[in-house]
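These notes are about the structure you will find just below.
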Amino acid sequence: MKSFFYGWYFKCQSDTQTFAVIPAIHQGKNGRTCSIQIITDTEVQKIAFSSENFCKRKKSLFIGKNQFGQKGIRLDIDTEDLKIKGVLKFRQMSPLKYNIMGPFVCMPFMKCRHQVWSMRHLVSGKISVNKKEYLFSDDLGYWEGDEGYSFPHKYVWTQCFFKEGSIMLAVADIPMFGIHFTGIIGVVLWEGKEYRIATYFGAKASEIKNRTVKVVQRGLKLEAQLLEDTGYQLQAPVNGSMVRHIRESVTCHAHYKFVKSGVTLFDFETKTASFEYEYGK
């Protein structure tokens, strides 16, 4: 039985609230299951399902009564401890020009492959979680996905909206053919223009320490720093089984700086960033 996982990550954010959801299917040594993880400013909830509840059709996933895709999210979960219900609608998606993995999308034996479906889109609707309402009206959304069999052992991932655009950056230790290298994939969407930062374009990590990551690529420099860790534990795959615990700060204090050819395009702090720093301290 081959180990694998496949999941999507949706983040929806207003000026006052953040709601993220991860639908996924996973197969490990104990068989195949699927799950939905809910992440908010104050808690994480995980709901397990049997694999028979999972269905994928084109750009839509279904887990029981719950639906996820480019048009939005529909949630209908009713357990003894958890009642989640509502609909969020998406519009004005911002897909990348081509796959974020570049030529690595065809590379065999990779532990994890990433996909970015939309860097920034509009979200409207309402989700109720145990009677607490999350309300969105033309607010911002982000959509990505992962597939493979394990998350990288060491990695940094961050995503943030700002007035002029959106950032996504992932830096990870990648084992391949008996060696390790630092893999980088990132996009800065700035005033409608896409800046791609990636290993296949020569990007290098100049610093990964003290909850800070700095990457350079020819005339581009991007820095992301987690200033305050307010995260909660999520489950992540190891050989297809959801047995690893990672820490995501879905809404946290962070600093970003982006320089092009010596000119600083932005340099700001925010309290609405999302961050996973799994490189130790």
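In the structure tokens, each chain is lettered A, B, ... as it comes, each chain's residues begin at 1, and ligands are numbered from 1 in order of appearance.
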
Hey, what's within 8 Å of A:Ile174 if we count only C-alpha atoms and toss same-chain stuff fewer than 4 positions away? As a ChimeraX atom specification, please? /A:152,180-183

Same residues, C-alpha atoms, saved as a short mmCIF file (atom, residue, chain, number, x, y, z; two decimals), in the first residue's frame:
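Final output, saved to result.cif:
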```
data_model
loop_
_atom_site.label_atom_id
_atom_site.label_comp_id
_atom_site.auth_asym_id
_atom_site.auth_seq_id
_atom_site.Cartn_x
_atom_site.Cartn_y
_atom_site.Cartn_z
CA PRO A 152 9.71 18.42 4.70
CA HIS A 180 20.09 17.68 0.75
CA PHE A 181 19.54 21.17 -0.62
CA THR A 182 17.49 24.19 0.41
CA GLY A 183 14.51 24.47 -1.92
#
```

Enumerate as number ranges by chain all residues of stretch 15-224 of chain A assigned to strand (DSSP E or B) by DSSP on the backbone, naming them with the chain letters and numbers the document uses. A: 18-28, 31-40, 44-50, 54-57, 60-63, 66-69, 72-78, 83-91, 112-129, 132-148, 155-162, 165-176, 179-190, 193-198, 204-209, 212-217, 220-224

Compile the contact shell of A:Glu191 as a ChimeraX atom specification: residues with an atom at most 12 Å away, counting only C-alpha atoms, same-chain residues fewer than 4 positions apart removed. /A:120,162-167,195,265-266

Can I get the selected residues back with all heavy atoms, as a PDB file, in the first residue's frame?
```pdb
ATOM      1  N   ARG A 120      -4.681  35.695  -4.385  1.00  0.00           N
ATOM      2  CA  ARG A 120      -5.534  36.713  -3.756  1.00  0.00           C
ATOM      3  C   ARG A 120      -6.873  36.722  -4.478  1.00  0.00           C
ATOM      4  O   ARG A 120      -6.913  36.815  -5.704  1.00  0.00           O
ATOM      5  CB  ARG A 120      -4.843  38.084  -3.862  1.00  0.00           C
ATOM      6  CG  ARG A 120      -5.585  39.269  -3.266  1.00  0.00           C
ATOM      7  CD  ARG A 120      -4.781  40.536  -3.564  1.00  0.00           C
ATOM      8  NE  ARG A 120      -5.492  41.743  -3.186  1.00  0.00           N
ATOM      9  CZ  ARG A 120      -5.150  42.519  -2.154  1.00  0.00           C
ATOM     10  NH1 ARG A 120      -4.097  42.221  -1.419  1.00  0.00           N
ATOM     11  NH2 ARG A 120      -5.832  43.613  -1.871  1.00  0.00           N
ATOM     12  N   PHE A 162      -1.395  42.278   1.715  1.00  0.00           N
ATOM     13  CA  PHE A 162      -1.153  43.682   2.042  1.00  0.00           C
ATOM     14  C   PHE A 162      -1.846  44.519   0.977  1.00  0.00           C
ATOM     15  O   PHE A 162      -2.402  43.974   0.009  1.00  0.00           O
ATOM     16  CB  PHE A 162       0.345  43.988   2.156  1.00  0.00           C
ATOM     17  CG  PHE A 162       1.158  43.609   0.944  1.00  0.00           C
ATOM     18  CD1 PHE A 162       1.550  44.559   0.014  1.00  0.00           C
ATOM     19  CD2 PHE A 162       1.541  42.282   0.738  1.00  0.00           C
ATOM     20  CE1 PHE A 162       2.302  44.213  -1.089  1.00  0.00           C
ATOM     21  CE2 PHE A 162       2.295  41.927  -0.363  1.00  0.00           C
ATOM     22  CZ  PHE A 162       2.673  42.885  -1.287  1.00  0.00           C
ATOM     23  N   LYS A 163      -1.858  45.804   1.176  1.00  0.00           N
ATOM     24  CA  LYS A 163      -2.686  46.684   0.342  1.00  0.00           C
ATOM     25  C   LYS A 163      -2.425  46.500  -1.143  1.00  0.00           C
ATOM     26  O   LYS A 163      -3.355  46.452  -1.956  1.00  0.00           O
ATOM     27  CB  LYS A 163      -2.455  48.146   0.737  1.00  0.00           C
ATOM     28  CG  LYS A 163      -3.337  49.132  -0.007  1.00  0.00           C
ATOM     29  CD  LYS A 163      -3.094  50.557   0.455  1.00  0.00           C
ATOM     30  CE  LYS A 163      -3.960  51.548  -0.317  1.00  0.00           C
ATOM     31  NZ  LYS A 163      -3.711  52.948   0.116  1.00  0.00           N
ATOM     32  N   GLU A 164      -1.148  46.369  -1.516  1.00  0.00           N
ATOM     33  CA  GLU A 164      -0.795  46.320  -2.938  1.00  0.00           C
ATOM     34  C   GLU A 164      -0.732  44.908  -3.498  1.00  0.00           C
ATOM     35  O   GLU A 164      -0.429  44.723  -4.677  1.00  0.00           O
ATOM     36  CB  GLU A 164       0.549  47.014  -3.164  1.00  0.00           C
ATOM     37  CG  GLU A 164       0.571  48.491  -2.800  1.00  0.00           C
ATOM     38  CD  GLU A 164       0.877  48.715  -1.316  1.00  0.00           C
ATOM     39  OE1 GLU A 164       1.008  47.708  -0.585  1.00  0.00           O
ATOM     40  OE2 GLU A 164       0.967  49.881  -0.906  1.00  0.00           O
ATOM     41  N   GLY A 165      -0.967  43.874  -2.653  1.00  0.00           N
ATOM     42  CA  GLY A 165      -0.869  42.532  -3.205  1.00  0.00           C
ATOM     43  C   GLY A 165      -0.855  41.420  -2.180  1.00  0.00           C
ATOM     44  O   GLY A 165      -1.605  41.438  -1.208  1.00  0.00           O
ATOM     45  N   SER A 166       0.055  40.444  -2.389  1.00  0.00           N
ATOM     46  CA  SER A 166       0.072  39.237  -1.575  1.00  0.00           C
ATOM     47  C   SER A 166       1.452  38.592  -1.673  1.00  0.00           C
ATOM     48  O   SER A 166       2.140  38.726  -2.693  1.00  0.00           O
ATOM     49  CB  SER A 166      -1.005  38.266  -2.077  1.00  0.00           C
ATOM     50  OG  SER A 166      -0.973  37.040  -1.392  1.00  0.00           O
ATOM     51  N   ILE A 167       1.848  37.890  -0.606  1.00  0.00           N
ATOM     52  CA  ILE A 167       3.131  37.192  -0.556  1.00  0.00           C
ATOM     53  C   ILE A 167       2.885  35.736  -0.214  1.00  0.00           C
ATOM     54  O   ILE A 167       2.045  35.426   0.637  1.00  0.00           O
ATOM     55  CB  ILE A 167       4.048  37.769   0.544  1.00  0.00           C
ATOM     56  CG1 ILE A 167       4.296  39.259   0.345  1.00  0.00           C
ATOM     57  CG2 ILE A 167       5.373  37.012   0.618  1.00  0.00           C
ATOM     58  CD1 ILE A 167       4.901  39.914   1.571  1.00  0.00           C
ATOM     59  N   TYR A 195       6.196  38.520  -9.147  1.00  0.00           N
ATOM     60  CA  TYR A 195       7.626  38.299  -9.010  1.00  0.00           C
ATOM     61  C   TYR A 195       7.834  36.884  -8.493  1.00  0.00           C
ATOM     62  O   TYR A 195       7.424  36.565  -7.383  1.00  0.00           O
ATOM     63  CB  TYR A 195       8.247  39.306  -8.039  1.00  0.00           C
ATOM     64  CG  TYR A 195       8.210  40.746  -8.532  1.00  0.00           C
ATOM     65  CD1 TYR A 195       7.127  41.566  -8.237  1.00  0.00           C
ATOM     66  CD2 TYR A 195       9.262  41.263  -9.281  1.00  0.00           C
ATOM     67  CE1 TYR A 195       7.089  42.882  -8.671  1.00  0.00           C
ATOM     68  CE2 TYR A 195       9.236  42.580  -9.731  1.00  0.00           C
ATOM     69  CZ  TYR A 195       8.144  43.384  -9.426  1.00  0.00           C
ATOM     70  OH  TYR A 195       8.109  44.683  -9.875  1.00  0.00           O
ATOM     71  N   LEU A 265      10.748  48.018  -2.408  1.00  0.00           N
ATOM     72  CA  LEU A 265       9.355  48.149  -2.847  1.00  0.00           C
ATOM     73  C   LEU A 265       8.399  48.152  -1.657  1.00  0.00           C
ATOM     74  O   LEU A 265       7.370  48.818  -1.690  1.00  0.00           O
ATOM     75  CB  LEU A 265       8.991  47.026  -3.817  1.00  0.00           C
ATOM     76  CG  LEU A 265       9.795  46.978  -5.124  1.00  0.00           C
ATOM     77  CD1 LEU A 265       9.223  45.930  -6.066  1.00  0.00           C
ATOM     78  CD2 LEU A 265       9.825  48.345  -5.806  1.00  0.00           C
ATOM     79  N   PHE A 266       8.709  47.365  -0.626  1.00  0.00           N
ATOM     80  CA  PHE A 266       7.935  47.466   0.613  1.00  0.00           C
ATOM     81  C   PHE A 266       8.775  46.997   1.791  1.00  0.00           C
ATOM     82  O   PHE A 266       9.706  46.206   1.648  1.00  0.00           O
ATOM     83  CB  PHE A 266       6.596  46.719   0.546  1.00  0.00           C
ATOM     84  CG  PHE A 266       6.674  45.255   0.211  1.00  0.00           C
ATOM     85  CD1 PHE A 266       7.121  44.318   1.141  1.00  0.00           C
ATOM     86  CD2 PHE A 266       6.256  44.783  -1.026  1.00  0.00           C
ATOM     87  CE1 PHE A 266       7.165  42.964   0.845  1.00  0.00           C
ATOM     88  CE2 PHE A 266       6.302  43.432  -1.336  1.00  0.00           C
ATOM     89  CZ  PHE A 266       6.760  42.522  -0.390  1.00  0.00           C
TER      90      PHE A 266
END
```

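With only C-alpha atoms as the atoms that count, the minimum distance from A:Lys71 to the choices A:Gly141, A:Pro108, A:Gly240, A:Gly28 is reached by A:Gly141.
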
Tell me which of A:Arg247, A:Lys204, A:Lys126, A:Lys89 sits closest to A:Trp157, counting only C-alpha atoms. A:Arg247

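Shortest separation to A:Ile185 among A:Ile100, A:Leu226, A:Leu140, A:Ala254 occurs at residue A:Ile100, atoms counted being only C-alpha atoms.
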
What lies within 12 Å of A:Arg57 using only C-alpha atoms, ignoring chain neighbours under 5 positions off, as a list in words?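 In the requested form, the answer reads Phe62, Ile63, Gln67, Phe68, Gly69 and Gln70 of chain A.
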
My list of candidates is A:Cys112, A:Ile208, A:Cys160, A:Val87. Which is closest to A:Ala236 when distances are computed with only C-alpha atoms?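 Among A:Cys112, A:Ile208, A:Cys160, A:Val87, it is A:Cys112 that comes nearest to A:Ala236.
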
Would you list the contacts of A:Thr40 as a ChimeraX atom specification, taking every protein, DNA or RNA residue within 6 Å and counting only C-alpha atoms, but skipping same-chain residues closer than 2 positions in sequence? /A:18-19,42-43

Please list as a tab-separated table (two decimals) with N, CA, C and O atoms, in the first residue's frame every residue within 10 Å of A:Ser14, counting only C-alpha atoms and excluding residues in the same chain fewer than 2 positions away.
```tsv
chain	number	residue	atom	x	y	z
A	12	CYS	N	-9.16	32.70	4.61
A	12	CYS	CA	-10.08	33.80	4.38
A	12	CYS	C	-9.86	34.81	5.50
A	12	CYS	O	-9.87	34.45	6.69
A	16	THR	N	-10.86	41.91	10.87
A	16	THR	CA	-10.98	41.51	12.27
A	16	THR	C	-10.95	40.00	12.50
A	16	THR	O	-10.81	39.56	13.64
A	17	GLN	N	-11.08	39.19	11.45
A	17	GLN	CA	-11.18	37.74	11.62
A	17	GLN	C	-10.39	36.99	10.56
A	17	GLN	O	-10.24	37.45	9.43
A	18	THR	N	-9.89	35.82	10.95
A	18	THR	CA	-9.23	34.91	10.00
A	18	THR	C	-9.83	33.52	10.18
A	18	THR	O	-9.98	33.03	11.30
A	19	PHE	N	-10.15	32.89	9.05
A	19	PHE	CA	-10.71	31.55	9.04
A	19	PHE	C	-10.00	30.75	7.96
A	19	PHE	O	-9.97	31.16	6.80
A	123	VAL	N	-13.69	37.20	-0.96
A	123	VAL	CA	-14.47	36.23	-0.20
A	123	VAL	C	-15.68	36.93	0.41
A	123	VAL	O	-15.54	37.99	1.03
A	124	SER	N	-16.84	36.32	0.25
A	124	SER	CA	-18.06	36.83	0.89
A	124	SER	C	-18.87	35.66	1.42
A	124	SER	O	-18.93	34.60	0.80
A	134	TYR	N	-18.19	33.83	11.60
A	134	TYR	CA	-17.11	34.44	10.84
A	134	TYR	C	-17.73	35.04	9.58
A	134	TYR	O	-18.26	34.31	8.74
A	135	LEU	N	-17.68	36.36	9.50
A	135	LEU	CA	-18.38	37.10	8.45
A	135	LEU	C	-17.38	37.74	7.49
A	135	LEU	O	-16.39	38.35	7.92
A	136	PHE	N	-17.66	37.59	6.18
A	136	PHE	CA	-16.79	38.16	5.16
A	136	PHE	C	-17.64	38.85	4.11
A	136	PHE	O	-18.65	38.32	3.65
A	137	SER	N	-17.19	40.04	3.72
A	137	SER	CA	-17.88	40.80	2.69
A	137	SER	C	-16.83	41.45	1.79
A	137	SER	O	-16.22	42.46	2.15
A	138	ASP	N	-16.59	40.83	0.63
A	138	ASP	CA	-15.52	41.26	-0.27
A	138	ASP	C	-14.19	41.39	0.46
A	138	ASP	O	-13.43	42.34	0.25
A	139	ASP	N	-13.91	40.42	1.32
A	139	ASP	CA	-12.63	40.35	2.00
A	139	ASP	C	-11.68	39.46	1.22
A	139	ASP	O	-11.99	39.06	0.10
A	140	LEU	N	-10.52	39.13	1.79
A	140	LEU	CA	-9.46	38.51	1.00
A	140	LEU	C	-9.31	37.02	1.28
A	140	LEU	O	-9.45	36.56	2.41
A	141	GLY	N	-8.97	36.28	0.21
A	141	GLY	CA	-8.75	34.85	0.32
A	141	GLY	C	-7.49	34.41	-0.41
A	141	GLY	O	-7.01	35.09	-1.34
A	272	THR	N	-1.38	40.46	10.80
A	272	THR	CA	-2.33	39.56	10.13
A	272	THR	C	-1.61	38.60	9.17
A	272	THR	O	-2.18	38.16	8.18
```

Write out as a PyMOL selection string each polymer residue whose atoms come within 12 Å of A:His153, counting only C-alpha atoms; drop sequence neighbours fewer than 5 positions from it. chain A and resi 111-112+171-175+180+182+236-239+244-246+277-280

Create the file for the chosen residues now, containing N, CA and C atoms and written as a PDB file, in the first residue's frame.
```pdb
ATOM      1  N   LYS A 111       9.203  14.320  -1.791  1.00  0.00           N
ATOM      2  CA  LYS A 111       8.335  14.068  -0.645  1.00  0.00           C
ATOM      3  C   LYS A 111       7.052  14.882  -0.717  1.00  0.00           C
ATOM      4  N   CYS A 112       7.148  16.093  -1.275  1.00  0.00           N
ATOM      5  CA  CYS A 112       5.993  16.999  -1.250  1.00  0.00           C
ATOM      6  C   CYS A 112       6.053  17.933  -2.452  1.00  0.00           C
ATOM      7  N   VAL A 171      10.391  27.813   2.127  1.00  0.00           N
ATOM      8  CA  VAL A 171      11.807  27.442   2.088  1.00  0.00           C
ATOM      9  C   VAL A 171      11.941  26.145   2.877  1.00  0.00           C
ATOM     10  N   ALA A 172      12.556  25.131   2.289  1.00  0.00           N
ATOM     11  CA  ALA A 172      12.569  23.818   2.932  1.00  0.00           C
ATOM     12  C   ALA A 172      13.846  23.059   2.642  1.00  0.00           C
ATOM     13  N   ASP A 173      14.210  22.186   3.572  1.00  0.00           N
ATOM     14  CA  ASP A 173      15.309  21.245   3.365  1.00  0.00           C
ATOM     15  C   ASP A 173      14.787  20.081   2.526  1.00  0.00           C
ATOM     16  N   ILE A 174      15.361  19.879   1.351  1.00  0.00           N
ATOM     17  CA  ILE A 174      14.870  18.890   0.399  1.00  0.00           C
ATOM     18  C   ILE A 174      15.890  17.759   0.244  1.00  0.00           C
ATOM     19  N   PRO A 175      15.530  16.530   0.629  1.00  0.00           N
ATOM     20  CA  PRO A 175      16.417  15.393   0.351  1.00  0.00           C
ATOM     21  C   PRO A 175      16.136  14.840  -1.049  1.00  0.00           C
ATOM     22  N   HIS A 180      21.097  16.728   0.279  1.00  0.00           N
ATOM     23  CA  HIS A 180      20.092  17.684   0.754  1.00  0.00           C
ATOM     24  C   HIS A 180      20.404  19.056   0.157  1.00  0.00           C
ATOM     25  N   THR A 182      18.552  23.295  -0.044  1.00  0.00           N
ATOM     26  CA  THR A 182      17.493  24.189   0.410  1.00  0.00           C
ATOM     27  C   THR A 182      16.654  24.608  -0.787  1.00  0.00           C
ATOM     28  N   ALA A 236       0.117  17.053  10.388  1.00  0.00           N
ATOM     29  CA  ALA A 236       0.776  17.021   9.082  1.00  0.00           C
ATOM     30  C   ALA A 236       1.218  15.591   8.785  1.00  0.00           C
ATOM     31  N   PRO A 237       1.420  15.272   7.498  1.00  0.00           N
ATOM     32  CA  PRO A 237       1.699  13.868   7.119  1.00  0.00           C
ATOM     33  C   PRO A 237       3.159  13.448   7.286  1.00  0.00           C
ATOM     34  N   VAL A 238       3.331  12.230   7.743  1.00  0.00           N
ATOM     35  CA  VAL A 238       4.609  11.526   7.720  1.00  0.00           C
ATOM     36  C   VAL A 238       4.333  10.166   7.091  1.00  0.00           C
ATOM     37  N   ASN A 239       4.880   9.930   5.912  1.00  0.00           N
ATOM     38  CA  ASN A 239       4.586   8.707   5.159  1.00  0.00           C
ATOM     39  C   ASN A 239       3.080   8.456   5.051  1.00  0.00           C
ATOM     40  N   ARG A 244       2.323  13.875  12.553  1.00  0.00           N
ATOM     41  CA  ARG A 244       3.235  14.962  12.933  1.00  0.00           C
ATOM     42  C   ARG A 244       2.452  16.180  13.390  1.00  0.00           C
ATOM     43  N   HIS A 245       2.976  16.885  14.369  1.00  0.00           N
ATOM     44  CA  HIS A 245       2.361  18.125  14.821  1.00  0.00           C
ATOM     45  C   HIS A 245       3.256  19.294  14.434  1.00  0.00           C
ATOM     46  N   ILE A 246       2.712  20.204  13.646  1.00  0.00           N
ATOM     47  CA  ILE A 246       3.403  21.432  13.280  1.00  0.00           C
ATOM     48  C   ILE A 246       2.667  22.591  13.928  1.00  0.00           C
ATOM     49  N   TYR A 277       7.099  28.077  11.095  1.00  0.00           N
ATOM     50  CA  TYR A 277       8.551  28.067  11.165  1.00  0.00           C
ATOM     51  C   TYR A 277       8.992  26.759  11.790  1.00  0.00           C
ATOM     52  N   GLU A 278       9.395  25.797  10.950  1.00  0.00           N
ATOM     53  CA  GLU A 278       9.742  24.454  11.404  1.00  0.00           C
ATOM     54  C   GLU A 278      11.230  24.177  11.184  1.00  0.00           C
ATOM     55  N   TYR A 279      12.059  25.171  11.456  1.00  0.00           N
ATOM     56  CA  TYR A 279      13.499  25.018  11.397  1.00  0.00           C
ATOM     57  C   TYR A 279      14.118  25.026  12.790  1.00  0.00           C
ATOM     58  N   GLY A 280      13.311  24.871  13.825  1.00  0.00           N
ATOM     59  CA  GLY A 280      13.835  25.042  15.163  1.00  0.00           C
ATOM     60  C   GLY A 280      14.033  26.507  15.450  1.00  0.00           C
TER      61      GLY A 280
END
```

Which distance in Å separates atom CA of A:Asp15 and atom CA of A:Lys65, to one decimal? 29.1 Å

Of the candidates A:Phe5, A:Ile73, A:Thr251, A:Gln225, which one gets nearest to A:Ile127 if we count only C-alpha atoms?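 Using only C-alpha atoms, A:Ile127 sits closest to A:Ile73.
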
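Ranking A:Glu52, A:Glu194, A:Asp267, A:Asp78 by their shortest atom-to-atom distance to A:Ser128, with only C-alpha atoms included, puts A:Asp78 first.
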
At what distance in Å, to one decimal, does atom CA of A:Lys214 lie from atom CA of A:Tyr98?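 Going from atom CA of A:Tyr98 over to atom CA of A:Lys214 covers 23.9 Å.
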
Out of stretch 44-266 of chain A, which residues get helix (DSSP H, G or I) from DSSP, as a VMD selection string? chain A and resid 51 to 53 102 to 106 199 to 201

Would you mind exporting N, CA, C and O atoms of the selected residues as a tab-separated table (two decimals), in the first residue's frame?
```tsv
chain	number	residue	atom	x	y	z
A	51	SER	N	-12.59	7.32	4.34
A	51	SER	CA	-12.17	7.70	2.99
A	51	SER	C	-13.32	7.66	1.99
A	51	SER	O	-13.26	8.32	0.94
A	52	GLU	N	-14.38	6.91	2.30
A	52	GLU	CA	-15.53	6.84	1.38
A	52	GLU	C	-16.23	8.19	1.23
A	52	GLU	O	-16.98	8.42	0.28
A	53	ASN	N	-15.96	9.12	2.18
A	53	ASN	CA	-16.58	10.43	2.12
A	53	ASN	C	-15.87	11.39	1.17
A	53	ASN	O	-16.36	12.48	0.92
A	102	GLY	N	7.59	24.90	-11.10
A	102	GLY	CA	8.42	25.00	-12.30
A	102	GLY	C	8.81	23.62	-12.81
A	102	GLY	O	8.00	22.69	-12.82
A	103	PRO	N	10.07	23.42	-13.20
A	103	PRO	CA	10.49	22.11	-13.73
A	103	PRO	C	10.47	21.01	-12.67
A	103	PRO	O	10.45	19.83	-13.02
A	104	PHE	N	10.47	21.38	-11.38
A	104	PHE	CA	10.47	20.37	-10.33
A	104	PHE	C	9.13	19.63	-10.25
A	104	PHE	O	9.03	18.61	-9.56
A	105	VAL	N	8.11	20.14	-10.92
A	105	VAL	CA	6.82	19.45	-10.91
A	105	VAL	C	6.94	18.07	-11.56
A	105	VAL	O	6.16	17.15	-11.26
A	106	CYS	N	7.93	17.90	-12.43
A	106	CYS	CA	8.14	16.62	-13.12
A	106	CYS	C	9.19	15.74	-12.44
A	106	CYS	O	9.47	14.64	-12.91
A	199	THR	N	14.18	28.26	-6.56
A	199	THR	CA	15.45	27.56	-6.76
A	199	THR	C	15.76	27.43	-8.24
A	199	THR	O	16.92	27.60	-8.66
A	200	TYR	N	14.76	27.14	-9.07
A	200	TYR	CA	15.01	26.95	-10.50
A	200	TYR	C	15.33	28.25	-11.21
A	200	TYR	O	15.70	28.24	-12.39
A	201	PHE	N	15.24	29.40	-10.51
A	201	PHE	CA	15.71	30.68	-11.05
A	201	PHE	C	16.98	31.15	-10.35
A	201	PHE	O	17.39	32.29	-10.52
```

Would you mind reading off the distance between atom CA of A:Phe161 and atom CA of A:His114, one decimal, in Å? 19.3 Å
